[in-house]
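Q: Got a file for you: work.txt, compact mmCIF, C-alpha atoms (C1' of nucleotides).
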```
# COMPACT_ATOMS: atom_id res chain seq x y z
CA MET A 513 63.64 121.89 166.89
CA ASN A 514 60.97 119.49 165.82
CA LYS A 515 60.54 119.11 162.12
CA GLN A 516 56.86 118.38 161.86
CA CYS A 517 54.93 117.17 158.87
CA ALA A 518 55.10 120.16 156.53
CA CYS A 519 51.46 119.84 155.62
CA LYS A 520 50.52 120.35 159.24
CA SER A 521 51.62 123.88 158.70
CA ILE A 522 48.66 124.42 156.44
CA PRO A 523 46.51 126.88 158.35
CA GLU A 524 43.11 125.75 159.55
CA ASP A 525 41.50 128.25 157.20
CA ASP A 526 43.11 126.63 154.20
CA LEU A 527 42.02 123.20 155.37
CA LYS A 528 38.50 124.54 155.64
CA ARG A 529 38.72 125.98 152.15
CA ILE A 530 39.98 122.70 150.69
CA LYS A 531 37.22 120.86 152.50
CA ASP A 532 34.68 123.27 151.06
CA GLU A 533 35.81 122.50 147.53
CA LEU A 534 34.72 118.91 148.02
CA PRO A 535 31.34 118.22 146.38
CA ASP A 536 28.64 118.08 149.04
CA SER A 537 28.08 114.81 150.81
CA ASP A 538 24.90 113.90 148.92
CA THR A 539 26.80 114.22 145.68
CA ILE A 540 29.65 112.12 147.02
CA GLU A 541 27.17 109.48 148.16
CA SER A 542 25.51 109.44 144.75
CA LEU A 543 28.85 109.20 143.03
CA GLY A 544 29.78 106.26 145.24
CA GLU A 545 26.51 104.54 144.42
CA PHE A 546 27.04 105.20 140.75
CA PHE A 547 30.53 103.68 140.76
CA LYS A 548 29.43 100.77 142.90
CA VAL A 549 27.13 99.79 140.06
CA PHE A 550 30.19 99.49 137.81
CA GLY A 551 32.12 97.65 140.47
CA ASP A 552 30.82 94.21 139.66
CA PRO A 553 32.04 92.17 136.67
CA THR A 554 28.64 90.70 135.91
CA ARG A 555 27.02 94.10 135.84
CA LEU A 556 29.87 95.44 133.74
CA LYS A 557 29.16 92.76 131.16
CA LEU A 558 25.50 93.72 131.08
CA ILE A 559 26.42 97.38 130.78
CA TYR A 560 28.80 96.63 127.96
CA PHE A 561 26.28 94.57 125.99
CA LEU A 562 23.65 97.24 126.50
CA SER A 563 26.09 99.90 125.34
CA GLN A 564 26.13 98.08 122.01
CA TYR A 565 22.63 96.70 121.55
CA GLU A 566 19.10 96.88 122.77
CA LEU A 567 18.55 93.48 124.34
CA CYS A 568 15.96 91.52 126.25
CA VAL A 569 16.53 89.80 129.56
CA ALA A 570 16.72 86.34 128.07
CA ASP A 571 19.49 87.24 125.66
CA LEU A 572 21.39 89.14 128.32
CA ALA A 573 21.28 85.94 130.32
CA ARG A 574 22.56 83.93 127.38
CA LEU A 575 25.26 86.45 126.52
CA SER A 576 26.50 86.87 130.07
CA GLU A 577 26.00 83.22 130.96
CA MET A 578 24.04 84.14 134.04
CA GLU A 579 20.74 82.80 135.26
CA GLN A 580 17.67 84.77 134.28
CA SER A 581 16.97 85.56 137.90
CA ALA A 582 20.43 86.92 138.50
CA VAL A 583 20.16 89.10 135.40
CA SER A 584 16.80 90.46 136.55
CA HIS A 585 18.20 91.30 139.96
CA GLN A 586 21.11 93.15 138.40
CA LEU A 587 18.90 94.92 135.87
CA LYS A 588 16.84 96.17 138.75
CA ILE A 589 19.94 97.81 140.15
CA LEU A 590 20.80 99.36 136.79
CA ARG A 591 17.21 100.57 136.46
CA LEU A 592 17.10 102.07 139.95
CA HIS A 593 20.28 103.98 139.24
CA ARG A 594 18.79 105.10 135.95
CA LEU A 595 21.61 103.64 133.92
CA THR A 596 19.14 101.85 131.68
CA LYS A 597 15.78 102.46 130.12
CA GLN A 598 13.37 99.77 128.97
CA ARG A 599 10.57 99.26 126.53
CA ARG A 600 7.96 96.56 126.54
CA ASP A 601 6.89 94.68 123.44
CA GLY A 602 4.31 92.10 124.42
CA THR A 603 5.83 89.96 127.14
CA THR A 604 9.34 90.92 126.17
CA ILE A 605 11.16 93.82 127.79
CA TYR A 606 14.00 95.43 125.91
CA TYR A 607 16.73 97.17 127.84
CA SER A 608 19.18 99.77 126.63
CA LEU A 609 21.49 102.35 128.13
CA ASN A 610 19.98 105.59 129.28
CA ASP A 611 22.86 107.94 129.02
CA ASN A 612 26.03 108.55 127.07
CA HIS A 613 27.98 109.23 130.23
CA VAL A 614 27.75 105.58 131.07
CA ARG A 615 29.53 104.60 127.90
CA GLU A 616 32.03 107.41 128.42
CA VAL A 617 32.88 106.35 131.96
CA PHE A 618 33.33 102.81 130.77
CA ASP A 619 35.64 103.88 127.97
CA VAL A 620 37.86 106.16 130.04
CA ALA A 621 38.29 103.42 132.62
CA LEU A 622 39.06 100.91 129.92
CA GLU A 623 41.79 103.20 128.60
CA HIS A 624 43.20 103.43 132.09
CA ILE A 625 43.22 99.67 132.54
CA GLU A 626 44.86 99.10 129.19
CA GLU A 627 47.45 101.73 129.96
CA ILE A 628 48.58 100.44 133.34
CA GLY A 629 48.51 96.91 131.95
CA MET B 829 1.86 80.50 115.99
CA ASN B 830 3.91 81.35 118.98
CA LYS B 831 5.28 84.84 119.02
CA GLN B 832 8.57 84.34 120.75
CA CYS B 833 10.92 86.96 122.04
CA ALA B 834 12.22 88.58 118.89
CA CYS B 835 15.78 88.62 120.14
CA LYS B 836 15.66 84.85 120.41
CA SER B 837 15.71 84.93 116.66
CA ILE B 838 19.25 86.21 116.77
CA PRO B 839 21.28 83.33 115.33
CA GLU B 840 23.78 81.60 117.58
CA ASP B 841 26.58 82.90 115.37
CA ASP B 842 25.59 86.49 116.04
CA LEU B 843 25.39 85.83 119.76
CA LYS B 844 28.88 84.42 119.59
CA ARG B 845 30.09 87.48 117.70
CA ILE B 846 28.54 89.87 120.23
CA LYS B 847 30.07 87.86 123.03
CA ASP B 848 33.46 88.11 121.34
CA GLU B 849 33.25 91.87 121.26
CA LEU B 850 33.22 91.90 125.05
CA PRO B 851 36.63 92.75 126.51
CA ASP B 852 38.29 89.60 127.80
CA SER B 853 37.43 88.46 131.28
CA ASP B 854 40.71 89.62 132.83
CA THR B 855 40.00 93.12 131.55
CA ILE B 856 36.45 93.00 132.85
CA GLU B 857 37.73 91.86 136.24
CA SER B 858 40.28 94.67 136.33
CA LEU B 859 37.64 97.18 135.33
CA GLY B 860 35.40 95.95 138.11
CA GLU B 861 38.23 96.27 140.61
CA PHE B 862 38.99 99.74 139.35
CA PHE B 863 35.41 100.91 139.74
CA LYS B 864 35.05 99.22 143.09
CA VAL B 865 37.77 101.54 144.33
CA PHE B 866 35.56 104.51 143.40
CA GLY B 867 32.52 102.86 144.91
CA ASP B 868 33.09 104.02 148.45
CA PRO B 869 32.37 107.59 149.63
CA THR B 870 35.35 107.77 151.94
CA ARG B 871 37.72 106.70 149.19
CA LEU B 872 36.04 109.13 146.81
CA LYS B 873 36.83 111.95 149.20
CA LEU B 874 40.46 110.90 149.39
CA ILE B 875 40.62 110.64 145.62
CA TYR B 876 39.10 114.07 145.25
CA PHE B 877 41.48 115.72 147.68
CA LEU B 878 44.42 114.02 146.02
CA SER B 879 43.20 115.17 142.63
CA GLN B 880 43.70 118.72 143.89
CA TYR B 881 46.72 118.57 146.18
CA GLU B 882 49.65 116.47 147.24
CA LEU B 883 48.81 115.55 150.81
CA CYS B 884 50.15 113.50 153.69
CA VAL B 885 48.20 110.87 155.58
CA ALA B 886 47.60 113.06 158.59
CA ASP B 887 46.02 115.84 156.59
CA LEU B 888 43.94 113.42 154.58
CA ALA B 889 42.64 112.18 157.91
CA ARG B 890 41.84 115.70 159.04
CA LEU B 891 40.25 116.66 155.72
CA SER B 892 38.15 113.54 155.43
CA GLU B 893 37.42 113.33 159.15
CA MET B 894 38.52 109.73 159.27
CA GLU B 895 40.86 108.01 161.68
CA GLN B 896 44.47 107.76 160.59
CA SER B 897 44.21 104.00 160.51
CA ALA B 898 41.17 104.01 158.27
CA VAL B 899 42.91 106.42 155.90
CA SER B 900 46.00 104.21 155.77
CA HIS B 901 43.90 101.16 155.00
CA GLN B 902 42.15 102.99 152.18
CA LEU B 903 45.39 104.45 150.84
CA LYS B 904 46.72 100.93 150.64
CA ILE B 905 43.86 100.06 148.34
CA LEU B 906 44.49 103.13 146.19
CA ARG B 907 48.18 102.29 146.08
CA LEU B 908 47.61 98.64 145.15
CA HIS B 909 45.38 99.72 142.30
CA ARG B 910 48.02 102.22 141.27
CA LEU B 911 45.67 105.17 141.55
CA THR B 912 48.17 107.01 143.68
CA LYS B 913 51.88 107.53 143.91
CA GLN B 914 53.76 108.54 147.03
CA ARG B 915 56.97 110.25 148.03
CA ARG B 916 58.68 110.14 151.38
CA ASP B 917 60.13 113.19 153.08
CA GLY B 918 61.53 112.19 156.43
CA THR B 919 58.80 110.42 158.32
CA THR B 920 56.10 112.01 156.24
CA ILE B 921 54.68 110.35 153.15
CA TYR B 922 53.03 112.51 150.54
CA TYR B 923 50.38 111.01 148.33
CA SER B 924 49.14 112.23 144.99
CA LEU B 925 47.20 110.86 142.05
CA ASN B 926 49.03 108.72 139.59
CA ASP B 927 47.05 109.19 136.47
CA ASN B 928 44.87 111.71 134.69
CA HIS B 929 42.31 109.06 133.86
CA VAL B 930 41.32 108.99 137.49
CA ARG B 931 40.38 112.62 137.46
CA GLU B 932 38.64 112.17 134.14
CA VAL B 933 36.54 109.25 135.35
CA PHE B 934 35.59 111.25 138.41
CA ASP B 935 34.56 114.25 136.33
CA VAL B 936 32.47 112.35 133.78
CA ALA B 937 30.63 110.59 136.58
CA LEU B 938 30.07 113.87 138.37
CA GLU B 939 28.53 115.31 135.21
CA HIS B 940 26.25 112.30 135.03
CA ILE B 941 25.14 112.69 138.64
CA GLU B 942 24.49 116.39 138.24
CA GLU B 943 22.53 115.75 135.07
CA ILE B 944 20.18 113.08 136.42
CA GLY B 945 19.76 115.11 139.59
C1' DT C 1382 70.45 104.00 171.98
C1' DT C 1383 66.18 106.13 173.55
C1' DA C 1384 62.14 108.82 172.79
C1' DG C 1385 58.99 110.74 169.66
C1' DT C 1386 56.41 111.21 165.31
C1' DA C 1387 54.26 109.42 160.92
C1' DT C 1388 52.45 105.68 158.77
C1' DA C 1389 51.13 100.76 158.15
C1' DT C 1390 49.00 96.47 159.32
C1' DG C 1391 46.60 92.28 161.48
C1' DA C 1392 42.51 90.60 163.74
C1' DA C 1393 37.80 91.07 164.88
C1' DC C 1394 33.37 92.70 164.01
C1' DA C 1395 29.48 94.55 161.65
C1' DT C 1396 27.41 95.46 157.38
C1' DA C 1397 26.67 95.06 152.46
C1' DT C 1398 26.01 92.43 148.43
C1' DA C 1399 25.67 88.71 144.65
C1' DT C 1400 23.65 84.44 143.72
C1' DT C 1401 20.32 80.69 144.03
C1' DC C 1402 15.81 78.73 144.58
C1' DA C 1403 11.12 79.08 144.63
C1' DT C 1404 7.46 81.68 143.34
C1' DA C 1405 4.86 85.74 141.74
C1' DT C 1406 3.38 88.97 138.17
C1' DA C 1407 2.36 90.46 133.44
C1' DC C 1408 1.05 89.65 129.00
C1' DA C 1409 -0.48 86.74 124.86
C1' DT C 1410 -2.96 83.10 122.74
C1' DG C 1411 -6.46 79.77 122.19
C1' DC D 1275 -10.76 81.48 131.50
C1' DA D 1276 -6.67 78.37 131.19
C1' DT D 1277 -2.04 77.77 129.56
C1' DG D 1278 2.45 79.22 128.33
C1' DT D 1279 6.18 82.57 128.06
C1' DA D 1280 8.99 86.57 129.78
C1' DT D 1281 10.34 88.93 133.59
C1' DA D 1282 10.49 90.23 138.56
C1' DT D 1283 11.03 89.48 143.41
C1' DG D 1284 11.52 87.68 148.37
C1' DA D 1285 14.17 84.87 151.46
C1' DA D 1286 18.28 82.55 152.52
C1' DT D 1287 23.11 81.96 152.19
C1' DA D 1288 27.83 82.77 151.37
C1' DT D 1289 31.24 86.10 150.63
C1' DA D 1290 33.29 90.65 150.51
C1' DT D 1291 34.37 94.91 152.62
C1' DG D 1292 35.00 99.14 155.84
C1' DT D 1293 36.07 100.44 160.39
C1' DT D 1294 38.12 100.09 164.89
C1' DC D 1295 41.56 98.82 168.20
C1' DA D 1296 45.95 97.54 169.30
C1' DT D 1297 50.36 97.28 167.76
C1' DA D 1298 54.23 97.24 164.49
C1' DT D 1299 57.45 99.57 161.41
C1' DA D 1300 60.22 103.46 159.67
C1' DC D 1301 62.46 107.46 160.23
C1' DT D 1302 64.39 111.62 163.09
C1' DA D 1303 66.58 113.97 166.76
C1' DA D 1304 68.97 114.17 171.00
```
As structure tokens, what does this structure read like?
A:
Amino acid sequence: MNKQCACKSIPEDDLKRIKDELPDSDTIESLGEFFKVFGDPTRLKLIYFLSQYELCVADLARLSEMEQSAVSHQLKILRLHRLTKQRRDGTTIYYSLNDNHVREVFDVALEHIEEIG
Amino acid sequence: MNKQCACKSIPEDDLKRIKDELPDSDTIESLGEFFKVFGDPTRLKLIYFLSQYELCVADLARLSEMEQSAVSHQLKILRLHRLTKQRRDGTTIYYSLNDNHVREVFDVALEHIEEIG
DNA sequence: TTAGTATATGAACATATATTCATATACATG
DNA sequence: CATGTATATGAATATATGTTCATATACTAA
């Protein structure tokens, strides 16, 4: 008698049901994109600073010790994913976070990191 | 009179203070790594399935419609980042999530995605 | 030990992505 | 309009990453 992987005994119907519970593929794609934005240390720094203050590009560059160009490129990504909003005052553009979820996601993950050491 | 970027008027001391509030660079790196794990749709699917059930590699492959090898490679990443735990039963290895934070991060992000459409 | 099943892994390849450099755009001031 | 400042962007490059294929390891049963 062959003792097969127990899970293989899950009927096809159940597999289908479990599969159906998965958020649809557009949602999964969007989620992946969303997390990818957080998946870079330089962007995380920008996100963190913006979670605390409304800041212009120049100061973000100074705070994060990145070149202005690099900051602009990354801000474009944050903007496109609607993580930030901006406001113009003369030639200066002030960025801030768009959504409380962003801060929340950051905080939960931080808890996790601190917990697992 | 030159109207400079208002934020430039933030004294160096304040900049230093804001910078100091940023989690240390090891933490930022770990956070980035953590989010990077979520930043791939195939891994997200695995994470989702494992947030619901304890599953073996073969069924994860069937559920996610990935090759066994690809699943194993991705599970290695989840394991290394301690997002999953596993248990062996004969030749079968059952995976499950390691931590409630993972589920929580997933859910908050999902809310965000559903909110911004 | 031999055969079979479940999972893991190394190498190769293709694709994605972050940064830099040079330059463009947008606005303000004189 | 001309100049200066703040920000944005395109191209190029270097690096990271996901998948596949072939194969290795770990365990079980006969």
Q: With all atoms listed in the file counted and 8 Å as the cut-off, give the residues of chain B in contact with chain A, each with its shortest interatomic distance in Å and the pair that gives it, as CSV.
A:
```
residue,atom,partner,partner_atom,distance
B:Cys833,CA,A:Thr604,CA,5.9
B:Cys835,CA,A:Cys568,CA,6.8
B:Lys836,CA,A:Asp571,CA,6.9
B:Leu843,CA,A:Leu575,CA,6.8
B:Ile846,CA,A:Phe561,CA,7.8
B:Lys847,CA,A:Leu575,CA,6.1
B:Leu850,CA,A:Tyr560,CA,7.1
B:Thr855,CA,A:Ile625,CA,7.4
B:Ile856,CA,A:Pro553,CA,5.9
B:Glu857,CA,A:Pro553,CA,5.7
B:Ser858,CA,A:Ile625,CA,6.9
B:Leu859,CA,A:Ile625,CA,6.7
B:Gly860,CA,A:Gly551,CA,4.4
B:Glu861,CA,A:Gly551,CA,6.3
B:Phe862,CA,A:Gly551,CA,7.3
B:Phe863,CA,A:Gly551,CA,4.7
B:Lys864,CA,A:Gly551,CA,4.2
B:Val865,CA,A:Gly551,CA,7.9
B:Phe866,CA,A:Phe547,CA,5.7
B:Gly867,CA,A:Lys548,CA,4.2
B:Asp868,CA,A:Gly544,CA,5.1
B:Pro869,CA,A:Gly544,CA,5.3
B:Leu872,CA,A:Ile540,CA,7.1
B:Lys873,CA,A:Leu534,CA,7.4
B:Tyr876,CA,A:Leu534,CA,7.1
B:Phe877,CA,A:Leu534,CA,7.5
B:Leu883,CA,A:Cys519,CA,7.0
B:Cys884,CA,A:Cys519,CA,6.8
B:Ala886,CA,A:Lys520,CA,7.9
B:Asp887,CA,A:Cys519,CA,6.8
B:Leu891,CA,A:Lys531,CA,6.1
B:Ser892,CA,A:Lys531,CA,7.9
B:Thr919,CA,A:Cys517,CA,7.8
B:Thr920,CA,A:Cys517,CA,5.9
B:His929,CA,A:His624,CA,6.0
B:Val930,CA,A:His624,CA,8.0
B:Glu932,CA,A:Val620,CA,7.3
B:Val933,CA,A:Val617,CA,5.8
B:Val936,CA,A:Val617,CA,6.3
B:Ala937,CA,A:Val617,CA,6.7
B:Leu938,CA,A:Leu543,CA,6.7
B:Glu939,CA,A:His613,CA,7.9
B:His940,CA,A:His613,CA,6.0
B:Ile941,CA,A:Leu543,CA,6.7
```
Q: What are the nearest atom pairs, with distances in Å to one decimal, for all residues of segment 865-908 of chain B that come at most 9 Å from segment 1292-1302 of chain D, using only C-alpha atoms (C1' of nucleotides), set out by chain and rising residue number as JSON lines?
A:
```
{"residue": "B:Glu895", "atom": "CA", "partner": "D:DT1294", "partner_atom": "C1'", "distance": 9.0}
{"residue": "B:Ser897", "atom": "CA", "partner": "D:DT1294", "partner_atom": "C1'", "distance": 8.5}
{"residue": "B:Ala898", "atom": "CA", "partner": "D:DT1293", "partner_atom": "C1'", "distance": 6.6}
{"residue": "B:Gln902", "atom": "CA", "partner": "D:DG1292", "partner_atom": "C1'", "distance": 8.9}
```
Q: Go ahead and write the selection's residues with C-alpha atoms as a PDB file, in the frame of the given file.
A:
```
ATOM      1  CA  GLU B 895      40.860 108.010 161.680  1.00  0.00           C
ATOM      2  CA  SER B 897      44.210 104.000 160.510  1.00  0.00           C
ATOM      3  CA  ALA B 898      41.170 104.010 158.270  1.00  0.00           C
ATOM      4  CA  GLN B 902      42.150 102.990 152.180  1.00  0.00           C
TER       5      GLN B 902
END
```
Q: Can you work out which residues from chain C touch chain B at a cut-off of 10 Å (counting all atoms listed in the file) and hand them back as an MDAnalysis selection string?
A: chainID C and resid 1386:1390 1409:1410
Q: May I ask for the distance between atom C1' of DA1286 of chain D and atom C1' of DA1397 of chain C, given in Å to one decimal place?
A: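 Interatomic distance, atom C1' of DA1286 of chain D to atom C1' of DA1397 of chain C: 15.1 Å.
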Q: Could I get chain B fitted onto chain A (least squares, all C-alpha atoms, in order) as a compact mmCIF listing (two decimals) with C-alpha atoms, in the frame of the given file?
A:
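And here's result.txt as it stands now:
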```txt
# COMPACT_ATOMS: atom_id res chain seq x y z
CA MET B 829 63.48 121.99 166.93
CA ASN B 830 60.91 119.50 165.91
CA LYS B 831 60.50 119.08 162.20
CA GLN B 832 56.83 118.37 161.92
CA CYS B 833 54.93 117.19 158.91
CA ALA B 834 55.08 120.15 156.58
CA CYS B 835 51.44 119.85 155.65
CA LYS B 836 50.53 120.36 159.28
CA SER B 837 51.63 123.90 158.70
CA ILE B 838 48.65 124.41 156.45
CA PRO B 839 46.49 126.89 158.38
CA GLU B 840 43.09 125.75 159.56
CA ASP B 841 41.49 128.27 157.21
CA ASP B 842 43.10 126.63 154.20
CA LEU B 843 42.01 123.21 155.37
CA LYS B 844 38.49 124.54 155.64
CA ARG B 845 38.70 125.98 152.14
CA ILE B 846 39.97 122.70 150.67
CA LYS B 847 37.22 120.86 152.48
CA ASP B 848 34.67 123.25 151.01
CA GLU B 849 35.82 122.49 147.51
CA LEU B 850 34.72 118.89 147.99
CA PRO B 851 31.35 118.19 146.36
CA ASP B 852 28.65 118.05 149.01
CA SER B 853 28.12 114.78 150.80
CA ASP B 854 24.92 113.90 148.93
CA THR B 855 26.83 114.19 145.67
CA ILE B 856 29.68 112.10 147.01
CA GLU B 857 27.21 109.46 148.15
CA SER B 858 25.53 109.42 144.74
CA LEU B 859 28.88 109.18 143.03
CA GLY B 860 29.81 106.25 145.22
CA GLU B 861 26.53 104.52 144.40
CA PHE B 862 27.07 105.18 140.73
CA PHE B 863 30.55 103.67 140.74
CA LYS B 864 29.45 100.76 142.89
CA VAL B 865 27.16 99.79 140.04
CA PHE B 866 30.21 99.49 137.77
CA GLY B 867 32.15 97.65 140.44
CA ASP B 868 30.85 94.20 139.64
CA PRO B 869 32.05 92.15 136.63
CA THR B 870 28.66 90.68 135.87
CA ARG B 871 27.03 94.10 135.82
CA LEU B 872 29.90 95.42 133.71
CA LYS B 873 29.15 92.76 131.12
CA LEU B 874 25.49 93.71 131.06
CA ILE B 875 26.41 97.37 130.76
CA TYR B 876 28.77 96.62 127.92
CA PHE B 877 26.26 94.57 125.97
CA LEU B 878 23.63 97.23 126.48
CA SER B 879 26.06 99.89 125.32
CA GLN B 880 26.10 98.08 121.98
CA TYR B 881 22.60 96.70 121.52
CA GLU B 882 19.06 96.88 122.77
CA LEU B 883 18.53 93.49 124.36
CA CYS B 884 15.93 91.53 126.27
CA VAL B 885 16.50 89.81 129.59
CA ALA B 886 16.70 86.35 128.09
CA ASP B 887 19.45 87.26 125.67
CA LEU B 888 21.36 89.15 128.32
CA ALA B 889 21.25 85.94 130.31
CA ARG B 890 22.53 83.93 127.37
CA LEU B 891 25.22 86.47 126.50
CA SER B 892 26.47 86.87 130.04
CA GLU B 893 25.97 83.22 130.94
CA MET B 894 24.03 84.14 134.04
CA GLU B 895 20.72 82.81 135.28
CA GLN B 896 17.66 84.79 134.30
CA SER B 897 16.99 85.59 137.92
CA ALA B 898 20.46 86.95 138.52
CA VAL B 899 20.17 89.12 135.41
CA SER B 900 16.81 90.48 136.57
CA HIS B 901 18.22 91.32 139.97
CA GLN B 902 21.13 93.16 138.40
CA LEU B 903 18.91 94.93 135.87
CA LYS B 904 16.87 96.19 138.78
CA ILE B 905 19.98 97.83 140.15
CA LEU B 906 20.80 99.38 136.78
CA ARG B 907 17.23 100.58 136.46
CA LEU B 908 17.12 102.09 139.96
CA HIS B 909 20.30 103.99 139.23
CA ARG B 910 18.80 105.10 135.94
CA LEU B 911 21.62 103.63 133.89
CA THR B 912 19.13 101.86 131.69
CA LYS B 913 15.78 102.46 130.12
CA GLN B 914 13.36 99.77 129.01
CA ARG B 915 10.53 99.27 126.57
CA ARG B 916 7.93 96.56 126.60
CA ASP B 917 6.84 94.67 123.51
CA GLY B 918 4.30 92.07 124.48
CA THR B 919 5.81 89.97 127.21
CA THR B 920 9.31 90.92 126.24
CA ILE B 921 11.13 93.84 127.83
CA TYR B 922 13.97 95.44 125.94
CA TYR B 923 16.70 97.18 127.86
CA SER B 924 19.15 99.77 126.63
CA LEU B 925 21.47 102.35 128.12
CA ASN B 926 19.99 105.58 129.28
CA ASP B 927 22.87 107.93 129.01
CA ASN B 928 26.03 108.54 127.05
CA HIS B 929 27.98 109.24 130.21
CA VAL B 930 27.79 105.58 131.05
CA ARG B 931 29.57 104.61 127.89
CA GLU B 932 32.05 107.40 128.40
CA VAL B 933 32.90 106.35 131.94
CA PHE B 934 33.35 102.80 130.74
CA ASP B 935 35.67 103.87 127.94
CA VAL B 936 37.89 106.16 130.02
CA ALA B 937 38.31 103.42 132.60
CA LEU B 938 39.10 100.90 129.90
CA GLU B 939 41.82 103.20 128.58
CA HIS B 940 43.23 103.43 132.09
CA ILE B 941 43.27 99.66 132.52
CA GLU B 942 44.91 99.10 129.17
CA GLU B 943 47.50 101.74 129.94
CA ILE B 944 48.60 100.43 133.34
CA GLY B 945 48.54 96.91 131.96
```
Q: Fewer than 5 positions away in the same chain doesn't count, so skip those; otherwise give me all residues within 12 Å of DT1287 of chain D, counting all atoms listed in the file, as a ChimeraX atom specification.
A: /C:1398-1402
Q: Export, as a JSON list (two decimals), keeping the file's coordinate frame, the selected residues with C-alpha atoms (C1' of nucleotides).
A:
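For reference, out-v4.json as written:
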```json
[["chain", "number", "residue", "atom", "x", "y", "z"],
["C", 1398, "DT", "C1'", 26.01, 92.43, 148.43],
["C", 1399, "DA", "C1'", 25.67, 88.71, 144.65],
["C", 1400, "DT", "C1'", 23.65, 84.44, 143.72],
["C", 1401, "DT", "C1'", 20.32, 80.69, 144.03],
["C", 1402, "DC", "C1'", 15.81, 78.73, 144.58]]
```
Q: Would you compute the distance between atom C1' of DT1289 of chain D and atom CA of Ile905 of chain B? Give it in Å to one decimal.
A: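 Going from atom C1' of DT1289 of chain D over to atom CA of Ile905 of chain B covers 19.0 Å.
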Q: I need the residue nearest chain D from this list: B:Leu878, B:Leu925, B:Leu908, B:Met894. Use all atoms listed in the file for the distance.
A: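 Of all the options, B:Met894 lies closest to chain D.
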Q: Considering only C-alpha atoms (C1' of nucleotides), can you say which of A:Ala573, A:Asn610, A:Arg615, A:Lys597 comes closest to chain D?
A: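 Going through A:Ala573, A:Asn610, A:Arg615, A:Lys597 one by one, the smallest distance to chain D is for A:Ala573.
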Q: Within 8 Å of chain A, which residues of chain D are there when counting only C-alpha atoms (C1' of nucleotides)? Please give them as a PyMOL selection string.
A: chain D and resi 1279-1282+1303
Q: Grab the atom C1' of DG1391 of chain C to atom CA of Leu906 of chain B distance for me, in Å with one decimal place.
A: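 Value for the atom C1' of DG1391 of chain C-atom CA of Leu906 of chain B distance: 18.9 Å.
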Q: Box in all listed atoms of segment 888-906 of chain B, axis-aligned, with 3 Å more on each side; write out centre and edge lengths in Å to one decimal as JSON.
A:
```
{"center_x": 42.1, "center_y": 108.4, "center_z": 153.9, "size_x": 15.3, "size_y": 22.6, "size_z": 21.5}
```
